[in-house]
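The file run35.cif comes next; it holds mmCIF, C-alpha atoms, pLDDT in the B column; chains and numbers go by the auth columns.
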data_structure
#
loop_
_atom_site.group_PDB
_atom_site.id
_atom_site.type_symbol
_atom_site.label_atom_id
_atom_site.label_comp_id
_atom_site.label_asym_id
_atom_site.label_seq_id
_atom_site.Cartn_x
_atom_site.Cartn_y
_atom_site.Cartn_z
_atom_site.B_iso_or_equiv
_atom_site.auth_seq_id
_atom_site.auth_asym_id
ATOM 1 C CA MET A 1 161.521 147.312 202.734 53.00 20 A
ATOM 2 C CA THR A 2 159.728 146.373 199.527 57.00 21 A
ATOM 3 C CA ARG A 3 160.262 142.901 198.223 57.00 22 A
ATOM 4 C CA ILE A 4 159.899 142.487 194.492 60.00 23 A
ATOM 5 C CA ALA A 5 158.667 139.081 193.428 53.00 24 A
ATOM 6 C CA PRO A 6 160.194 137.625 190.284 60.00 25 A
ATOM 7 C CA LEU A 7 157.970 137.312 187.260 60.00 26 A
ATOM 8 C CA PRO A 8 156.474 133.860 186.974 74.00 27 A
ATOM 9 C CA ARG A 9 158.321 131.666 184.539 86.00 28 A
ATOM 10 C CA TRP A 10 156.288 129.639 182.100 91.00 29 A
ATOM 11 C CA TRP A 11 157.038 127.733 178.961 93.00 30 A
ATOM 12 C CA ARG A 12 155.309 125.467 176.518 95.00 31 A
ATOM 13 C CA TRP A 13 157.066 122.786 174.489 95.00 32 A
ATOM 14 C CA ARG A 14 156.093 122.128 170.894 94.00 33 A
ATOM 15 C CA PRO A 15 153.730 119.122 171.099 93.00 34 A
ATOM 16 C CA ASP A 16 156.062 116.814 169.156 92.00 35 A
ATOM 17 C CA ALA A 17 159.382 118.238 170.400 92.00 36 A
ATOM 18 C CA ASP A 18 162.007 115.736 171.544 93.00 37 A
ATOM 19 C CA VAL A 19 162.442 117.229 174.996 93.00 38 A
ATOM 20 C CA ASP A 20 164.660 114.349 176.169 93.00 39 A
ATOM 21 C CA ALA A 21 167.190 115.084 173.414 93.00 40 A
ATOM 22 C CA ILE A 22 167.155 118.756 174.379 92.00 41 A
ATOM 23 C CA ARG A 23 167.729 117.813 178.040 92.00 42 A
ATOM 24 C CA ARG A 24 170.667 115.565 177.100 91.00 43 A
ATOM 25 C CA ALA A 25 172.228 118.371 175.032 89.00 44 A
ATOM 26 C CA ALA A 26 171.793 120.809 177.918 89.00 45 A
ATOM 27 C CA ARG A 27 173.438 118.354 180.351 89.00 46 A
ATOM 28 C CA ARG A 28 176.462 118.137 178.080 88.00 47 A
ATOM 29 C CA ARG A 29 176.868 121.908 178.456 85.00 48 A
ATOM 30 C CA TRP A 30 176.399 122.128 182.236 80.00 49 A
ATOM 31 C CA THR A 31 176.734 119.728 185.133 81.00 50 A
ATOM 32 C CA ARG A 32 173.706 120.878 187.121 86.00 51 A
ATOM 33 C CA VAL A 33 170.756 121.553 184.868 88.00 52 A
ATOM 34 C CA THR A 34 167.381 122.902 185.912 90.00 53 A
ATOM 35 C CA GLU A 35 164.287 122.623 183.744 92.00 54 A
ATOM 36 C CA TRP A 36 164.573 126.364 183.060 91.00 55 A
ATOM 37 C CA ASP A 37 168.148 125.820 181.776 91.00 56 A
ATOM 38 C CA VAL A 38 166.769 123.216 179.377 92.00 57 A
ATOM 39 C CA VAL A 39 164.099 125.653 178.196 92.00 58 A
ATOM 40 C CA LEU A 40 166.683 128.375 177.572 91.00 59 A
ATOM 41 C CA ALA A 41 168.956 125.931 175.740 90.00 60 A
ATOM 42 C CA ALA A 42 166.164 124.895 173.371 92.00 61 A
ATOM 43 C CA GLY A 43 165.587 126.667 170.104 93.00 62 A
ATOM 44 C CA ALA A 44 162.545 128.808 169.303 93.00 63 A
ATOM 45 C CA ARG A 45 161.333 126.004 167.043 95.00 64 A
ATOM 46 C CA ASP A 46 160.824 123.745 170.084 96.00 65 A
ATOM 47 C CA VAL A 47 159.738 126.038 172.918 95.00 66 A
ATOM 48 C CA VAL A 48 157.883 129.260 173.626 95.00 67 A
ATOM 49 C CA HIS A 49 158.675 130.851 176.974 95.00 68 A
ATOM 50 C CA CYS A 50 158.035 134.028 178.910 93.00 69 A
ATOM 51 C CA GLU A 51 161.395 135.654 178.188 93.00 70 A
ATOM 52 C CA GLN A 52 160.681 135.635 174.449 95.00 71 A
ATOM 53 C CA PHE A 53 158.025 138.306 175.044 94.00 72 A
ATOM 54 C CA ALA A 54 159.446 141.797 175.550 91.00 73 A
ATOM 55 C CA ASP A 55 156.009 143.364 175.957 92.00 74 A
ATOM 56 C CA PRO A 56 154.691 142.643 179.472 92.00 75 A
ATOM 57 C CA ALA A 57 151.059 142.697 178.292 92.00 76 A
ATOM 58 C CA GLN A 58 151.729 140.048 175.636 93.00 77 A
ATOM 59 C CA ARG A 59 153.783 138.015 178.147 94.00 78 A
ATOM 60 C CA ARG A 60 150.861 138.037 180.598 93.00 79 A
ATOM 61 C CA ARG A 61 148.430 137.197 177.822 93.00 80 A
ATOM 62 C CA ALA A 62 150.428 134.143 176.749 94.00 81 A
ATOM 63 C CA GLY A 63 150.911 133.146 180.389 93.00 82 A
ATOM 64 C CA ARG A 64 147.123 133.181 180.919 92.00 83 A
ATOM 65 C CA TRP A 65 146.660 130.848 177.949 92.00 84 A
ATOM 66 C CA CYS A 66 149.180 128.420 179.422 93.00 85 A
ATOM 67 C CA ALA A 67 147.527 128.602 182.853 91.00 86 A
ATOM 68 C CA HIS A 68 144.104 127.900 181.328 90.00 87 A
ATOM 69 C CA PHE A 69 145.523 124.974 179.384 91.00 88 A
ATOM 70 C CA ASP A 70 147.227 123.536 182.471 90.00 89 A
ATOM 71 C CA ALA A 71 143.870 123.618 184.279 87.00 90 A
ATOM 72 C CA LEU A 72 142.198 121.401 181.662 85.00 91 A
ATOM 73 C CA ARG A 73 144.836 118.684 181.325 81.00 92 A
ATOM 74 C CA ASP A 74 142.670 116.074 183.135 80.00 93 A
ATOM 75 C CA LEU A 75 139.918 116.151 180.504 81.00 94 A
ATOM 76 C CA ASP A 76 139.551 114.045 177.337 79.00 95 A
ATOM 77 C CA PRO A 77 143.184 113.299 176.297 83.00 96 A
ATOM 78 C CA ARG A 78 142.441 113.318 172.569 81.00 97 A
ATOM 79 C CA ARG A 79 140.743 116.732 172.717 82.00 98 A
ATOM 80 C CA VAL A 80 143.397 118.105 175.055 85.00 99 A
ATOM 81 C CA ALA A 81 146.071 117.084 172.519 87.00 100 A
ATOM 82 C CA GLN A 82 144.186 119.002 169.812 86.00 101 A
ATOM 83 C CA VAL A 83 143.923 122.046 172.065 88.00 102 A
ATOM 84 C CA GLU A 84 147.636 121.781 172.891 91.00 103 A
ATOM 85 C CA ARG A 85 148.503 121.962 169.180 90.00 104 A
ATOM 86 C CA LEU A 86 146.228 124.996 168.799 89.00 105 A
ATOM 87 C CA LEU A 87 147.793 126.605 171.866 93.00 106 A
ATOM 88 C CA TRP A 88 151.258 126.058 170.407 95.00 107 A
ATOM 89 C CA ARG A 89 150.236 127.716 167.135 92.00 108 A
ATOM 90 C CA ALA A 90 148.655 130.638 168.999 93.00 109 A
ATOM 91 C CA LEU A 91 151.747 131.164 171.170 95.00 110 A
ATOM 92 C CA VAL A 92 154.053 131.073 168.144 95.00 111 A
ATOM 93 C CA ALA A 93 151.814 133.517 166.253 94.00 112 A
ATOM 94 C CA LEU A 94 151.785 135.890 169.216 95.00 113 A
ATOM 95 C CA ARG A 95 155.568 135.612 169.630 96.00 114 A
ATOM 96 C CA ASP A 96 156.165 136.101 165.910 94.00 115 A
ATOM 97 C CA SER A 97 153.910 139.176 165.820 93.00 116 A
ATOM 98 C CA GLN A 98 156.121 141.042 168.291 93.00 117 A
ATOM 99 C CA PRO A 99 158.500 142.675 165.793 91.00 118 A
ATOM 100 C CA LEU A 100 155.543 144.047 163.828 88.00 119 A
ATOM 101 C CA ARG A 101 153.856 145.258 167.029 88.00 120 A
ATOM 102 C CA GLU A 102 157.060 147.017 168.109 89.00 121 A
ATOM 103 C CA ALA A 103 157.570 148.581 164.678 83.00 122 A
ATOM 104 C CA LEU A 104 153.997 149.885 164.592 81.00 123 A
ATOM 105 C CA ALA A 105 154.318 151.261 168.115 81.00 124 A
ATOM 106 C CA ARG A 106 157.418 153.248 167.105 80.00 125 A
ATOM 107 C CA THR A 107 155.970 154.504 163.808 77.00 126 A
ATOM 108 C CA GLU A 108 154.735 158.069 163.671 75.00 127 A
ATOM 109 C CA ASN A 109 151.497 158.430 161.784 68.00 128 A
ATOM 110 C CA ARG A 110 152.292 161.105 159.214 68.00 129 A
ATOM 111 C CA PRO A 111 150.720 161.897 155.845 68.00 130 A
ATOM 112 C CA GLY A 112 151.510 159.242 153.309 69.00 131 A
ATOM 113 C CA LEU A 113 152.387 156.686 155.964 74.00 132 A
ATOM 114 C CA ALA A 114 148.830 155.958 157.098 72.00 133 A
ATOM 115 C CA ALA A 115 148.175 153.714 154.112 73.00 134 A
ATOM 116 C CA ALA A 116 151.425 151.832 154.651 73.00 135 A
ATOM 117 C CA ILE A 117 150.605 150.963 158.256 79.00 136 A
ATOM 118 C CA ALA A 118 146.864 150.399 157.759 78.00 137 A
ATOM 119 C CA GLU A 119 147.127 146.844 156.432 81.00 138 A
ATOM 120 C CA PRO A 120 149.576 145.541 159.069 83.00 139 A
ATOM 121 C CA THR A 121 147.425 147.191 161.744 85.00 140 A
ATOM 122 C CA ARG A 122 144.308 145.462 160.391 89.00 141 A
ATOM 123 C CA GLU A 123 146.133 142.130 160.246 90.00 142 A
ATOM 124 C CA LEU A 124 147.261 142.477 163.868 91.00 143 A
ATOM 125 C CA ALA A 125 143.752 143.461 164.953 91.00 144 A
ATOM 126 C CA GLU A 126 142.335 140.368 163.225 90.00 145 A
ATOM 127 C CA LEU A 127 144.987 138.147 164.820 91.00 146 A
ATOM 128 C CA ASP A 128 144.229 139.651 168.230 93.00 147 A
ATOM 129 C CA ARG A 129 140.490 139.117 167.732 89.00 148 A
ATOM 130 C CA ARG A 130 140.988 135.441 166.915 89.00 149 A
ATOM 131 C CA LEU A 131 143.463 134.940 169.758 91.00 150 A
ATOM 132 C CA ASP A 132 141.043 136.612 172.184 90.00 151 A
ATOM 133 C CA GLN A 133 138.296 134.223 171.051 89.00 152 A
ATOM 134 C CA PHE A 134 140.645 131.316 171.662 89.00 153 A
ATOM 135 C CA GLU A 135 141.497 132.600 175.145 90.00 154 A
ATOM 136 C CA ASP A 136 137.812 133.124 175.971 87.00 155 A
ATOM 137 C CA ALA A 137 136.995 129.582 174.864 87.00 156 A
ATOM 138 C CA LEU A 138 139.854 128.171 176.964 86.00 157 A
ATOM 139 C CA ARG A 139 138.688 130.155 179.981 87.00 158 A
ATOM 140 C CA ILE A 140 135.119 128.903 179.579 85.00 159 A
ATOM 141 C CA VAL A 141 136.302 125.276 179.575 84.00 160 A
ATOM 142 C CA VAL A 142 138.255 125.871 182.776 83.00 161 A
ATOM 143 C CA GLU A 143 135.414 127.694 184.544 81.00 162 A
ATOM 144 C CA GLU A 144 132.632 125.277 183.523 78.00 163 A
ATOM 145 C CA LEU A 145 131.466 123.162 186.461 74.00 164 A
ATOM 146 C CA ASP A 146 129.062 120.802 184.661 79.00 165 A
ATOM 147 C CA PRO A 147 131.103 117.873 183.229 75.00 166 A
ATOM 148 C CA GLU A 148 128.810 117.497 180.220 78.00 167 A
ATOM 149 C CA LEU A 149 129.099 121.195 179.356 80.00 168 A
ATOM 150 C CA THR A 150 132.851 121.022 179.951 80.00 169 A
ATOM 151 C CA GLY A 151 133.105 118.306 177.299 79.00 170 A
ATOM 152 C CA THR A 152 131.069 120.395 174.860 82.00 171 A
ATOM 153 C CA ALA A 153 133.203 123.465 175.556 82.00 172 A
ATOM 154 C CA LEU A 154 136.396 121.435 175.113 81.00 173 A
ATOM 155 C CA ARG A 155 135.162 120.118 171.746 79.00 174 A
ATOM 156 C CA ARG A 156 134.393 123.700 170.725 80.00 175 A
ATOM 157 C CA VAL A 157 137.931 124.849 171.632 81.00 176 A
ATOM 158 C CA ALA A 158 139.486 121.884 169.829 80.00 177 A
ATOM 159 C CA ALA A 159 137.528 122.843 166.706 78.00 178 A
ATOM 160 C CA LEU A 160 138.674 126.478 166.787 74.00 179 A
ATOM 161 C CA ASP A 161 141.466 127.644 164.562 75.00 180 A
ATOM 162 C CA PRO A 162 142.971 130.717 166.191 72.00 181 A
ATOM 163 C CA LEU A 163 145.002 131.401 163.087 74.00 182 A
#

If you took the structure in this file and wrote it as structure tokens, what would it be?
Amino acid sequence: MTRIAPLPRWWRWRPDADVDAIRRAARRRWTRVTEWDVVLAAGARDVVHCEQFADPAQRRRAGRWCAHFDALRDLDPRRVAQVERLLWRALVALRDSQPLREALARTENRPGLAAAIAEPTRELAELDRRLDQFEDALRIVVEELDPELTGTALRRVAALDPL
């Protein structure tokens, strides 16, 4: 018998979201409320979560960013707050790029259409390049063992603008 493990659930709240108000609203709807119920009850303006990503590769990509961020929470709180805001922007940009990604994936490249899809394809490639740089910088902070170099790497990530 093969046992299929459920996909890991992850979510990230907008840094200034009023999560308590969202929890109270969710409790008014149901008697027993899990944190996942609260996440699903929240609007896209306040939360990014795994089920908002139809493409498994993009879902895993965003999940890696969140895992890297969770690993660096014990560092300089001011810098971590900056990185959290950047992470939020990166997750929203990745989530919002999905319709364009899906449309380009379904588009047949025929004469006359190449020019129409060239610019959106370039824009997505540039977004992906910047998001990959952000992920690499996050990963480096997490993997760095020297505390002094970790601080330098964290400052570098906090100064990045993935968008």

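With all atoms listed in the file as the atoms that count, the minimum distance from A:Leu110 to the choices A:Ala134, A:Cys85, A:Ala44, A:Val38 is reached by A:Cys85.
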
Evaluated on this file, the PyMOL selection byres ((chain A and resi 146-156) around 8) picks out some residues - which ones are they, written as a short mmCIF file (atom, residue, chain, number, x, y, z; two decimals) with C-alpha atoms, in the coordinates of the input?
data_model
loop_
_atom_site.label_atom_id
_atom_site.label_comp_id
_atom_site.auth_asym_id
_atom_site.auth_seq_id
_atom_site.Cartn_x
_atom_site.Cartn_y
_atom_site.Cartn_z
CA TRP A 84 146.66 130.85 177.95
CA ALA A 109 148.66 130.64 169.00
CA GLU A 142 146.13 142.13 160.25
CA LEU A 143 147.26 142.48 163.87
CA ALA A 144 143.75 143.46 164.95
CA GLU A 145 142.34 140.37 163.22
CA LEU A 157 139.85 128.17 176.96
CA ARG A 158 138.69 130.16 179.98
CA ILE A 159 135.12 128.90 179.58
CA VAL A 160 136.30 125.28 179.58
CA ALA A 172 133.20 123.46 175.56
CA ARG A 175 134.39 123.70 170.72
CA VAL A 176 137.93 124.85 171.63
CA LEU A 179 138.67 126.48 166.79
CA PRO A 181 142.97 130.72 166.19
CA LEU A 182 145.00 131.40 163.09
#

Checklist entry - If I put a ball of radius 7 Å at (157.3, 121.1, 169.5) in the file's coordinates, which residues poke into it when counting only C-alpha atoms, written as a PyMOL selection string? => result chain A and resi 32-36+64-66

Checklist entry - When you draw a straight line from atom CA of A:Val161 to atom CA of A:Ala90, how long is it in Å? => result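 Between atom CA of A:Val161 and atom CA of A:Ala90 the gap works out to 6.2 Å.
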
List the neighbours of A:Ala177 out to 9 Å using all atoms listed in the file; skip same-chain residues closer than 4 positions along the sequence, and give me the result as a compact mmCIF listing (two decimals) with C-alpha atoms, keeping the file's coordinate frame.
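selection09.txt was written with the following content:
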# COMPACT_ATOMS: atom_id res chain seq x y z
CA ARG A 98 140.74 116.73 172.72
CA VAL A 99 143.40 118.10 175.06
CA ALA A 100 146.07 117.08 172.52
CA GLN A 101 144.19 119.00 169.81
CA VAL A 102 143.92 122.05 172.06
CA GLU A 103 147.64 121.78 172.89
CA LEU A 105 146.23 125.00 168.80
CA ALA A 172 133.20 123.46 175.56
CA LEU A 173 136.40 121.44 175.11

Item to check | Using only C-alpha atoms: which of A:Leu59, A:Phe88, A:Cys69, A:Gln77 has the shortest distance to A:Arg104 | outcome: A:Phe88

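In this comparison, which uses all atoms listed in the file, the residue of A:Arg108, A:Arg43, A:Arg125, A:Arg120 approaching A:Phe72 most closely is A:Arg120.
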
Item to check | Shortest interatomic distance to A:Asp93 - which of A:Thr140, A:Thr50, A:Thr169, A:Thr126, counting only C-alpha atoms | outcome: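 Under the stated criterion, the closest residue is A:Thr169.
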
Checklist entry - How many Å separate atom CA of A:Asp95 from atom CA of A:Arg28? => result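 So the two atoms, atom CA of A:Asp95 and atom CA of A:Arg28, lie 26.7 Å apart.
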
Item to check | Computed interatomic separation between atom CA of A:Arg114 and atom CA of A:Arg48 (Å) | outcome: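 These two atoms are separated by 26.8 Å.
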
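Put simply, the PyMOL selection byres ((chain A and resi 58) around 9) in this file takes in Trp30, Arg31, Trp32, Ile41, Arg42, Thr53, Glu54, Trp55, Asp56, Val57, Leu59, Ala60, Ala61, Gly62, Asp65, Val66, Val67 and His68 of chain A.
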
Checklist outcome for this item: With distances taken over all atoms listed in the file, the candidate from A:Ala63, A:Val52, A:Leu119, A:Leu91 nearest A:Glu162 is A:Leu91
